[in-house]
$ cat coords.cif   # mmCIF, C-alpha atoms
data_coords
#
loop_
_atom_site.label_atom_id
_atom_site.label_comp_id
_atom_site.auth_asym_id
_atom_site.auth_seq_id
_atom_site.Cartn_x
_atom_site.Cartn_y
_atom_site.Cartn_z
CA MET A 1 17.90 -1.18 14.08
CA ARG A 2 14.64 0.76 13.76
CA ILE A 3 13.87 0.99 10.04
CA LEU A 4 11.29 3.05 8.18
CA ALA A 5 10.31 1.87 4.68
CA ILE A 6 8.53 4.50 2.59
CA ALA A 7 6.53 2.78 -0.15
CA LEU A 8 4.09 4.75 -2.30
CA GLY A 9 2.19 3.62 -5.40
CA SER A 10 0.10 0.63 -6.49
CA GLN A 11 0.18 -2.77 -4.80
CA GLY A 12 2.90 -3.87 -7.20
CA ASP A 13 4.98 -0.89 -6.04
CA VAL A 14 4.32 -1.46 -2.33
CA GLN A 15 4.35 -5.24 -1.87
CA PRO A 16 8.10 -5.77 -2.49
CA TYR A 17 8.92 -3.33 0.32
CA VAL A 18 6.55 -5.18 2.63
CA ALA A 19 8.41 -8.39 1.74
CA LEU A 20 11.69 -6.62 2.43
CA GLY A 21 10.37 -5.33 5.75
CA LYS A 22 9.23 -8.78 6.75
CA GLY A 23 12.70 -10.18 6.09
CA LEU A 24 14.39 -7.36 7.99
CA GLN A 25 12.07 -7.87 10.94
CA SER A 26 12.80 -11.60 10.93
CA ALA A 27 16.48 -10.66 11.16
CA GLY A 28 15.81 -8.77 14.39
CA HIS A 29 15.09 -5.26 13.20
CA ARG A 30 11.99 -3.22 14.04
CA VAL A 31 10.27 -2.18 10.81
CA ARG A 32 7.65 0.48 10.16
CA VAL A 33 6.08 0.83 6.70
CA MET A 34 4.72 4.21 5.65
CA THR A 35 2.26 3.70 2.82
CA HIS A 36 -1.27 4.37 1.61
CA VAL A 37 -4.25 3.68 3.84
CA ASN A 38 -5.59 0.89 1.59
CA PHE A 39 -2.49 -1.24 2.24
CA GLU A 40 -2.86 -1.38 6.02
CA ARG A 41 -3.85 -5.04 6.06
CA LEU A 42 -1.04 -5.99 3.65
CA VAL A 43 1.43 -4.46 6.11
CA THR A 44 -0.07 -5.58 9.41
CA ASP A 45 -0.71 -9.16 8.25
CA CYS A 46 3.06 -9.45 7.96
CA GLY A 47 3.48 -8.27 11.53
CA LEU A 48 4.94 -4.90 10.53
CA GLU A 49 4.10 -1.52 11.99
CA PHE A 50 1.87 0.53 9.69
CA TYR A 51 1.96 4.31 9.30
CA PRO A 52 -0.70 5.72 6.94
CA VAL A 53 -0.36 8.43 4.30
CA LYS A 54 -3.03 10.15 2.26
CA GLY A 55 -4.29 8.52 -0.92
CA ASN A 56 -6.04 5.32 -1.90
CA VAL A 57 -4.30 4.21 -5.07
CA ARG A 58 -7.05 1.79 -5.97
CA GLU A 59 -9.62 4.59 -5.99
CA ILE A 60 -7.31 6.74 -8.13
CA VAL A 61 -6.70 3.97 -10.67
CA GLU A 62 -10.40 3.16 -10.91
CA SER A 63 -11.44 6.79 -11.41
CA PRO A 64 -12.95 7.55 -14.85
CA GLU A 65 -10.21 10.06 -15.67
CA MET A 66 -7.39 7.64 -14.88
CA ARG A 67 -9.07 4.79 -16.78
CA VAL A 68 -9.08 6.97 -19.90
CA LEU A 69 -5.43 7.91 -19.41
CA LEU A 70 -4.33 4.32 -18.82
CA GLU A 71 -6.21 3.15 -21.89
CA LYS A 72 -4.37 5.73 -24.02
CA GLY A 73 -1.04 4.81 -22.44
CA ASN A 74 0.52 8.28 -22.71
CA PHE A 75 3.06 8.38 -19.89
CA LEU A 76 3.47 12.14 -19.99
CA ALA A 77 -0.28 12.68 -19.59
CA ILE A 78 -0.43 10.07 -16.82
CA ASN A 79 2.57 11.64 -15.10
CA ALA A 80 0.97 15.11 -15.32
CA HIS A 81 -2.24 13.79 -13.74
CA THR A 82 -0.49 11.88 -10.95
CA SER A 83 1.81 14.86 -10.32
CA LYS A 84 -1.24 17.05 -9.78
CA LEU A 85 -2.60 14.55 -7.27
CA ALA A 86 0.82 14.31 -5.61
CA GLN A 87 0.98 18.09 -5.25
CA GLU A 88 -2.31 18.02 -3.38
CA ALA A 89 -0.99 15.35 -1.01
CA ALA A 90 2.70 16.34 -0.75
CA ILE A 91 2.42 18.43 2.41
CA GLU A 92 0.47 15.68 4.17
CA TRP A 93 3.03 13.11 3.02
CA MET A 94 5.85 15.20 4.45
CA GLN A 95 3.92 15.73 7.69
CA ALA A 96 3.37 11.98 7.94
CA GLY A 97 7.03 11.33 7.24
CA LEU A 98 8.02 13.87 9.88
CA VAL A 99 6.25 11.75 12.51
CA ALA A 100 7.02 8.33 11.03
CA CYS A 101 10.79 8.86 10.92
CA GLN A 102 11.11 9.87 14.57
CA GLY A 103 13.45 7.51 16.38
CA MET A 104 14.40 5.65 13.20
CA ASP A 105 17.98 4.53 12.55
CA LEU A 106 17.57 3.94 8.82
CA MET A 107 15.14 4.72 6.01
CA VAL A 108 14.52 2.61 2.91
CA ALA A 109 12.68 4.21 0.00
CA GLY A 110 11.78 3.46 -3.58
CA VAL A 111 11.19 5.91 -6.42
CA GLY A 112 7.67 6.75 -5.20
CA GLY A 113 8.84 7.86 -1.77
CA LEU A 114 12.27 9.15 -2.74
CA ASN A 115 11.65 12.91 -2.57
CA VAL A 116 10.05 12.67 0.88
CA ALA A 117 12.78 10.34 2.15
CA VAL A 118 15.66 12.50 0.90
CA SER A 119 14.19 15.60 2.56
CA LEU A 120 13.73 13.77 5.86
CA ALA A 121 17.25 12.35 5.67
CA GLU A 122 18.67 15.82 5.08
CA LYS A 123 16.68 17.36 7.94
CA PHE A 124 17.23 14.72 10.60
CA GLN A 125 20.45 13.01 9.42
CA VAL A 126 18.72 9.63 9.27
CA PRO A 127 20.68 7.33 6.90
CA LEU A 128 18.89 6.51 3.66
CA LEU A 129 19.14 3.31 1.63
CA PRO A 130 17.74 3.95 -1.89
CA ALA A 131 15.96 0.77 -3.04
CA PHE A 132 14.45 0.64 -6.53
CA LEU A 133 12.43 -1.86 -8.56
CA PHE A 134 13.39 -0.66 -12.05
CA PRO A 135 16.62 0.82 -13.49
CA PHE A 136 16.87 4.41 -12.26
CA THR A 137 20.62 4.95 -12.14
CA PRO A 138 22.02 6.45 -15.38
CA THR A 139 24.00 4.00 -17.49
CA ARG A 140 25.49 3.81 -20.95
CA ALA A 141 24.46 0.15 -21.26
CA PHE A 142 20.81 0.62 -22.28
CA PRO A 143 18.19 3.40 -22.61
CA GLY A 144 15.92 4.59 -19.82
CA ILE A 145 12.74 2.63 -19.23
CA LEU A 146 10.51 5.13 -21.07
CA PHE A 147 12.46 4.79 -24.31
CA PRO A 148 12.29 2.01 -26.92
CA GLN A 149 15.13 -0.34 -26.10
CA SER A 150 15.92 -0.59 -29.82
CA LEU A 151 17.37 2.92 -29.50
CA THR A 152 20.40 1.46 -27.74
CA LYS A 153 21.95 1.43 -31.22
CA LEU A 154 22.31 5.21 -30.87
CA GLY A 155 25.12 4.58 -28.43
CA GLY A 156 26.16 5.02 -24.84
CA THR A 157 25.85 8.81 -24.71
CA PHE A 158 22.22 8.66 -25.81
CA ASN A 159 21.51 5.92 -23.29
CA TRP A 160 23.01 7.98 -20.46
CA LEU A 161 21.08 11.12 -21.42
CA SER A 162 17.81 9.17 -21.67
CA HIS A 163 18.13 8.17 -18.01
CA LEU A 164 18.76 11.78 -17.01
CA LEU A 165 15.66 12.81 -18.98
CA LEU A 166 13.59 10.11 -17.24
CA ARG A 167 14.68 11.46 -13.87
CA GLN A 168 13.78 14.99 -14.85
CA ILE A 169 10.33 14.00 -16.15
CA MET A 170 9.58 12.43 -12.79
CA TRP A 171 11.13 15.27 -10.77
CA GLN A 172 9.71 18.30 -12.57
CA GLY A 173 6.14 17.11 -12.07
CA PHE A 174 6.72 17.05 -8.31
CA ARG A 175 9.11 20.03 -7.93
CA THR A 176 6.54 22.65 -6.91
CA ALA A 177 4.97 20.33 -4.36
CA ASP A 178 8.39 19.41 -2.99
CA ARG A 179 9.32 23.08 -2.55
CA LEU A 180 6.13 23.81 -0.60
CA ALA A 181 6.43 20.69 1.57
CA ARG A 182 10.08 21.35 2.42
CA LYS A 183 9.35 24.95 3.33
CA GLN A 184 6.10 24.52 5.27
CA VAL A 185 6.85 21.24 7.06
CA LEU A 186 10.63 20.99 7.42
CA ASN A 187 11.75 24.63 7.02
CA LEU A 188 14.24 23.58 4.38
CA PRO A 189 15.22 25.60 1.30
CA ALA A 190 13.98 24.61 -2.15
CA ARG A 191 16.02 22.07 -4.05
CA SER A 192 18.03 22.74 -7.14
CA PHE A 193 16.09 22.86 -10.40
CA TRP A 194 17.68 19.48 -11.22
CA GLY A 195 16.25 17.63 -8.24
CA PRO A 196 17.48 15.51 -5.33
CA TYR A 197 19.71 13.13 -7.24
CA LYS A 198 23.07 14.65 -6.20
CA SER A 199 22.11 14.94 -2.53
CA ALA A 200 24.84 13.45 -0.34
CA VAL A 201 22.27 11.37 1.55
CA MET A 202 21.54 9.40 -1.65
CA HIS A 203 25.13 8.30 -2.06
CA ARG A 204 26.26 7.47 1.46
CA TYR A 205 25.15 3.84 1.09
CA PRO A 206 24.71 1.61 -1.96
CA THR A 207 21.70 2.00 -4.18
CA ILE A 208 20.04 -1.40 -4.23
CA TYR A 209 17.89 -2.92 -6.96
CA GLY A 210 15.20 -5.48 -6.23
CA PHE A 211 15.35 -7.45 -9.46
CA SER A 212 17.37 -10.41 -10.62
CA PRO A 213 20.87 -10.02 -12.07
CA SER A 214 19.87 -12.89 -14.35
CA VAL A 215 17.24 -10.58 -15.86
CA ILE A 216 19.30 -7.37 -15.93
CA PRO A 217 23.04 -7.87 -15.36
CA LYS A 218 24.75 -5.06 -13.49
CA PRO A 219 26.08 -2.42 -15.95
CA ALA A 220 29.81 -1.84 -15.74
CA ASP A 221 29.32 1.87 -15.05
CA TRP A 222 27.03 1.43 -12.01
CA GLN A 223 29.16 2.41 -9.03
CA ASN A 224 28.10 1.96 -5.37
CA THR A 225 25.13 -0.02 -6.67
CA GLU A 226 23.99 -3.58 -6.02
CA ILE A 227 21.48 -5.75 -7.94
CA VAL A 228 20.43 -8.11 -5.17
CA GLY A 229 17.47 -10.07 -6.56
CA ASP A 230 13.71 -9.76 -6.19
CA TRP A 231 11.82 -9.22 -2.93
CA PHE A 232 8.98 -11.73 -3.01
CA LEU A 233 6.15 -11.91 -0.50
CA ASP A 234 5.22 -15.59 -0.48
CA ALA A 235 1.75 -16.62 0.67
CA SER A 236 2.84 -19.63 2.70
CA ASP A 237 -0.36 -19.73 4.78
CA TRP A 238 -2.80 -18.99 1.94
CA THR A 239 -5.56 -21.55 1.36
CA PRO A 240 -6.86 -21.83 -2.24
CA PRO A 241 -10.63 -21.99 -2.73
CA ALA A 242 -12.18 -25.32 -3.67
CA ASP A 243 -13.31 -24.22 -7.13
CA LEU A 244 -9.76 -23.19 -8.05
CA LEU A 245 -8.28 -26.49 -6.88
CA GLU A 246 -10.96 -28.42 -8.75
CA PHE A 247 -10.38 -26.46 -11.95
CA LEU A 248 -6.63 -27.04 -11.84
CA HIS A 249 -7.11 -30.74 -11.11
CA ASN A 250 -9.53 -31.35 -13.97
CA GLY A 251 -7.35 -30.54 -16.95
CA ALA A 252 -4.08 -29.35 -18.43
CA PRO A 253 -2.33 -26.32 -16.91
CA PRO A 254 -4.25 -23.19 -17.95
CA VAL A 255 -3.08 -19.78 -19.18
CA TYR A 256 -3.36 -16.90 -16.71
CA ILE A 257 -4.67 -13.56 -18.00
CA GLY A 258 -4.78 -10.48 -15.79
CA PHE A 259 -3.87 -6.82 -15.99
CA GLY A 260 -3.24 -5.99 -12.34
CA SER A 261 -4.06 -2.43 -11.36
CA MET A 262 -4.65 -1.25 -14.92
CA GLY A 263 -8.15 0.22 -15.07
CA ILE A 264 -10.01 -0.79 -18.24
CA ARG A 265 -12.73 1.49 -19.59
CA ASN A 266 -14.85 -1.27 -21.12
CA PRO A 267 -14.44 -4.36 -18.90
CA GLU A 268 -17.25 -6.37 -20.50
CA GLU A 269 -15.88 -5.66 -23.95
CA THR A 270 -12.36 -6.61 -22.85
CA ALA A 271 -13.66 -9.84 -21.34
CA ASP A 272 -15.34 -10.74 -24.63
CA PHE A 273 -12.12 -9.90 -26.44
CA VAL A 274 -10.05 -12.21 -24.21
CA LEU A 275 -12.62 -15.00 -24.34
CA ARG A 276 -12.53 -15.01 -28.14
CA ALA A 277 -8.75 -15.30 -28.15
CA ILE A 278 -8.83 -18.19 -25.67
CA ASN A 279 -11.51 -19.88 -27.74
CA ARG A 280 -9.27 -19.75 -30.82
CA THR A 281 -6.39 -21.43 -28.99
CA GLY A 282 -8.48 -24.17 -27.35
CA GLN A 283 -6.60 -23.56 -24.10
CA ARG A 284 -7.95 -23.50 -20.59
CA ALA A 285 -7.60 -20.15 -18.83
CA ILE A 286 -7.81 -18.37 -15.50
CA LEU A 287 -8.93 -14.76 -15.76
CA GLN A 288 -8.29 -12.20 -13.05
CA ALA A 289 -11.23 -10.04 -12.04
CA GLY A 290 -10.95 -7.02 -9.77
CA TRP A 291 -8.72 -4.03 -10.43
CA GLY A 292 -8.27 -4.85 -14.09
CA GLY A 293 -12.02 -4.70 -14.52
CA LEU A 294 -12.30 -8.08 -16.18
CA SER A 295 -15.73 -9.44 -15.33
CA LYS A 296 -18.09 -11.81 -17.12
CA ALA A 297 -21.19 -13.45 -15.69
CA ASP A 298 -21.20 -16.45 -18.02
CA VAL A 299 -17.95 -18.08 -19.08
CA PRO A 300 -17.38 -21.50 -20.67
CA ASP A 301 -16.19 -24.47 -18.64
CA ASN A 302 -12.62 -24.09 -19.86
CA ILE A 303 -12.30 -20.69 -18.10
CA LEU A 304 -12.34 -19.78 -14.41
CA MET A 305 -12.71 -16.25 -13.06
CA VAL A 306 -10.74 -15.52 -9.87
CA ASN A 307 -10.33 -12.52 -7.61
CA SER A 308 -7.17 -12.16 -5.54
CA VAL A 309 -4.86 -15.16 -5.81
CA PRO A 310 -1.17 -14.88 -4.79
CA HIS A 311 1.02 -15.00 -7.88
CA SER A 312 3.63 -17.01 -6.01
CA TRP A 313 1.09 -19.82 -5.59
CA LEU A 314 -0.74 -19.54 -8.91
CA PHE A 315 1.88 -18.84 -11.58
CA PRO A 316 3.94 -22.05 -11.19
CA ARG A 317 0.74 -23.97 -11.96
CA MET A 318 0.14 -22.11 -15.24
CA ALA A 319 1.14 -22.97 -18.80
CA ALA A 320 1.86 -19.27 -19.43
CA VAL A 321 1.00 -15.87 -17.96
CA VAL A 322 -0.46 -12.90 -19.85
CA HIS A 323 -0.15 -9.62 -17.95
CA HIS A 324 0.50 -5.87 -18.16
CA GLY A 325 4.22 -6.00 -17.45
CA GLY A 326 4.36 -4.41 -14.01
CA ALA A 327 7.68 -5.05 -12.29
CA GLY A 328 6.20 -7.27 -9.58
CA THR A 329 4.02 -9.35 -11.88
CA THR A 330 6.89 -9.73 -14.35
CA ALA A 331 9.20 -10.96 -11.61
CA ALA A 332 6.60 -13.44 -10.35
CA GLY A 333 6.10 -14.84 -13.84
CA LEU A 334 9.82 -15.22 -14.46
CA ARG A 335 10.37 -16.86 -11.08
CA ALA A 336 7.59 -19.36 -11.82
CA GLY A 337 9.56 -20.62 -14.81
CA VAL A 338 6.69 -20.27 -17.29
CA PRO A 339 6.55 -18.14 -20.48
CA SER A 340 5.13 -14.62 -20.40
CA ILE A 341 3.13 -12.46 -22.79
CA VAL A 342 3.18 -8.78 -21.87
CA ILE A 343 0.42 -6.35 -22.87
CA PRO A 344 1.97 -3.05 -21.71
CA PHE A 345 -0.12 0.03 -20.97
CA PHE A 346 2.48 2.66 -19.97
CA GLY A 347 5.56 3.48 -17.88
CA ASP A 348 8.12 0.72 -17.32
CA GLN A 349 5.79 -1.97 -18.67
CA PRO A 350 7.09 -1.87 -22.29
CA PHE A 351 10.63 -2.10 -20.89
CA TRP A 352 9.88 -5.32 -19.00
CA GLY A 353 7.97 -6.71 -21.97
CA GLN A 354 10.96 -6.16 -24.23
CA ARG A 355 13.29 -7.65 -21.65
CA ILE A 356 11.19 -10.83 -21.64
CA ALA A 357 11.41 -10.99 -25.43
CA ASP A 358 15.19 -10.40 -25.39
CA LEU A 359 15.64 -13.19 -22.85
CA GLY A 360 13.65 -15.54 -25.09
CA VAL A 361 11.14 -16.40 -22.35
CA GLY A 362 8.09 -14.98 -24.08
CA THR A 363 6.85 -13.16 -27.14
CA ALA A 364 7.50 -9.57 -28.12
CA PRO A 365 5.28 -7.22 -26.10
CA ILE A 366 1.93 -6.31 -27.66
CA PRO A 367 1.00 -2.72 -26.69
CA ARG A 368 -2.56 -2.49 -25.38
CA LYS A 369 -3.59 -0.14 -28.20
CA GLN A 370 -2.32 -2.64 -30.80
CA LEU A 371 -3.82 -5.75 -29.25
CA THR A 372 -6.19 -7.83 -31.37
CA VAL A 373 -7.86 -11.18 -30.86
CA GLU A 374 -5.61 -12.64 -33.53
CA LYS A 375 -2.37 -11.29 -32.00
CA LEU A 376 -3.26 -12.57 -28.54
CA ALA A 377 -4.27 -16.00 -29.84
CA GLN A 378 -1.06 -16.32 -31.87
CA ALA A 379 1.09 -15.30 -28.90
CA ILE A 380 -0.61 -17.85 -26.61
CA ASP A 381 -0.26 -20.60 -29.21
CA ARG A 382 3.43 -19.85 -29.56
CA VAL A 383 4.42 -19.82 -25.90
CA VAL A 384 2.52 -22.99 -25.00
CA THR A 385 3.92 -24.99 -27.94
CA ASP A 386 7.48 -23.66 -28.43
CA PRO A 387 9.83 -26.01 -26.51
CA ALA A 388 12.75 -23.55 -26.68
CA ILE A 389 10.75 -20.78 -25.00
CA ARG A 390 9.51 -23.17 -22.35
CA GLN A 391 13.01 -24.51 -21.68
CA ARG A 392 14.54 -21.03 -21.37
CA SER A 393 11.70 -19.99 -19.06
CA ALA A 394 12.28 -23.00 -16.80
CA GLU A 395 16.04 -22.38 -16.67
CA LEU A 396 15.64 -18.69 -15.83
CA GLY A 397 13.02 -19.55 -13.21
CA ALA A 398 15.45 -21.94 -11.54
CA LYS A 399 18.12 -19.22 -11.35
CA ILE A 400 15.72 -16.71 -9.79
CA GLN A 401 14.43 -19.30 -7.33
CA ALA A 402 18.01 -19.86 -6.17
CA GLU A 403 18.45 -16.15 -5.37
CA ASP A 404 17.47 -14.49 -2.10
CA GLY A 405 17.19 -10.75 -2.64
CA VAL A 406 15.80 -10.11 0.83
CA ALA A 407 18.72 -11.89 2.51
CA SER A 408 21.15 -9.81 0.45
CA VAL A 409 19.55 -6.60 1.70
CA VAL A 410 19.58 -7.91 5.27
CA ALA A 411 23.35 -8.35 4.90
CA ILE A 412 23.75 -4.80 3.57
CA VAL A 413 21.69 -3.42 6.45
CA ARG A 414 23.79 -5.41 8.88
CA SER A 415 26.94 -3.75 7.52
CA ILE A 416 25.27 -0.35 7.95
CA GLU A 417 24.30 -1.30 11.51
CA VAL A 418 27.87 -2.28 12.36
CA GLY A 419 29.14 1.02 10.96
CA HIS A 420 26.42 2.91 12.85
CA GLU A 421 27.38 1.26 16.12
CA SER A 422 31.07 1.95 15.64
#
$ encode --input "coords.cif" --output "structure tokens"
Amino acid sequence: MRILAIALGSQGDVQPYVALGKGLQSAGHRVRVMTHVNFERLVTDCGLEFYPVKGNVREIVESPEMRVLLEKGNFLAINAHTSKLAQEAAIEWMQAGLVACQGMDLMVAGVGGLNVAVSLAEKFQVPLLPAFLFPFTPTRAFPGILFPQSLTKLGGTFNWLSHLLLRQIMWQGFRTADRLARKQVLNLPARSFWGPYKSAVMHRYPTIYGFSPSVIPKPADWQNTEIVGDWFLDASDWTPPADLLEFLHNGAPPVYIGFGSMGIRNPEETADFVLRAINRTGQRAILQAGWGGLSKADVPDNILMVNSVPHSWLFPRMAAVVHHGGAGTTAAGLRAGVPSIVIPFFGDQPFWGQRIADLGVGTAPIPRKQLTVEKLAQAIDRVVTDPAIRQRSAELGAKIQAEDGVASVVAIVRSIEVGHES
């Protein structure tokens, strides 16, 4: 089959779909990935066809305005800002999709590309396989990802409504742009006020979730839905630099600290903050530079600064991982079988942080605005010394390592292909 994957967002949002595309291509399918221009090499290095869309997410995240918003962690304000940017790009996204989907037999899309994909599926009758990285299907089992998970005590009806509200928050910010793009590019009527979620093209095939059923078991009320396991992009041909190998060889496993694509307004100040916490624990540490803004010219011998290192290679060699709680980083940490400490900024990050705590494989999440040197030091001390946390982390890691989420999707696509041929 000829498959188009539409993946929009940060690297953590895009990389799982590249991994999925690589697996589908290995199974004999032709795969094209439509994503932002700054991910061209990520796509082409995997041998996949790249189709560019407007927007460099790295530039957006590192802009002064977004750094301020991320530091405050107000999802509604962040959503309003990103919705404004999306409105400016929506027509170009739809125009790109119009070309990219030509000749395709199937589309795969996550939340970021869902509105574009549904419109294209409706216009051209190309089958759509919804593929998400966080819970997006309403359920009575737990609240939506933007709500404190402690509110599950309010009952199943509240949980269900919270998911509907999450969907509307994401849809309403894009509704005007969607109306213009549908009209000007596809000559389609505007959607219902309530969005694309009841469109027949979204329910023809199963909605698939790229996270582990050992982390979130399938709710009983999820129909035509499959939790298949994570989609990891392993760096099998990556060669570690000499200084990293030497650092790992010369002492006990270190603690990893990095905040992914979260822009930090005061990187030098944050570096000092983290260094003081590490100093209190007496641990060795690897600090991520780059997108998170962490940079420090002079660090002690027990700390190594690194740029881009594949999590699949690095995390299994760590004593623990401290991160922002993005879905991809969370999955990599859990798969590595080491404890996690989540410092959430916004969005689904508090949800994953709480899930880690509930599973007993890390501490309770520490929101970025509440983080102190003392709290970080205490959390690190706990996860590196608590044998129960370390044992549970290792056991969960083994379960995730035994799963093959990409192979499960390949099987689903194969069933679609058979039905398509018949």
$ residues_around --input "coords.cif" --residues "stretch 210-223 of chain A" --least-positions-apart "2" --cutoff "7 Å" --atoms "all atoms listed in the file" --output "PyMOL selection string"
chain A and resi 132-133+139+141+208+225+227-231+400+405
$ resolve_selection --input "coords.cif" --expression "the PyMOL selection byres ((chain A and resi 43-49) around 9)" --output "PyMOL selection string"
chain A and resi 15+18-19+21-22+25+30-35+39-42+50-51
$ atom_distance --input "coords.cif" --atom1 "atom CA of A:Pro241" --atom2 "atom CA of A:Gly397"
26.0 Å
$ closest_residue --input "coords.cif" --among "A:Ile3, A:Val116, A:Ala377, A:Val201" --to "A:Gly103" --atoms "all atoms listed in the file"
A:Ile3
$ residues_around --input "coords.cif" --residues "A:Gly362" --least-positions-apart "4" --cutoff "7 Å" --atoms "only C-alpha atoms" --output "MDAnalysis selection string"
chainID A and resid 339:341 356:357 383 389
$ closest_residue --input "coords.cif" --among "A:Met305, A:Leu129, A:Val409, A:Ile286" --to "A:Leu20" --atoms "all atoms listed in the file"
A:Val409
$ closest_residue --input "coords.cif" --among "A:His203, A:Gln283, A:Gln11, A:Trp160" --to "A:Ser308" --atoms "all atoms listed in the file"
A:Gln11
$ resolve_selection --input "coords.cif" --expression "the PyMOL selection byres ((chain A and resi 178) around 9)" --output "ChimeraX atom specification"
/A:87,90-91,94,115-116,119,174-177,179-183,190-191
$ atom_distance --input "coords.cif" --atom1 "atom CA of A:Gly347" --atom2 "atom CA of A:Tyr205"
27.3 Å
$ resolve_selection --input "coords.cif" --expression "the PyMOL selection byres ((chain A and resi 126) around 8)" --output "VMD selection string"
chain A and resid 104 to 107 120 to 122 124 to 125 127 to 128
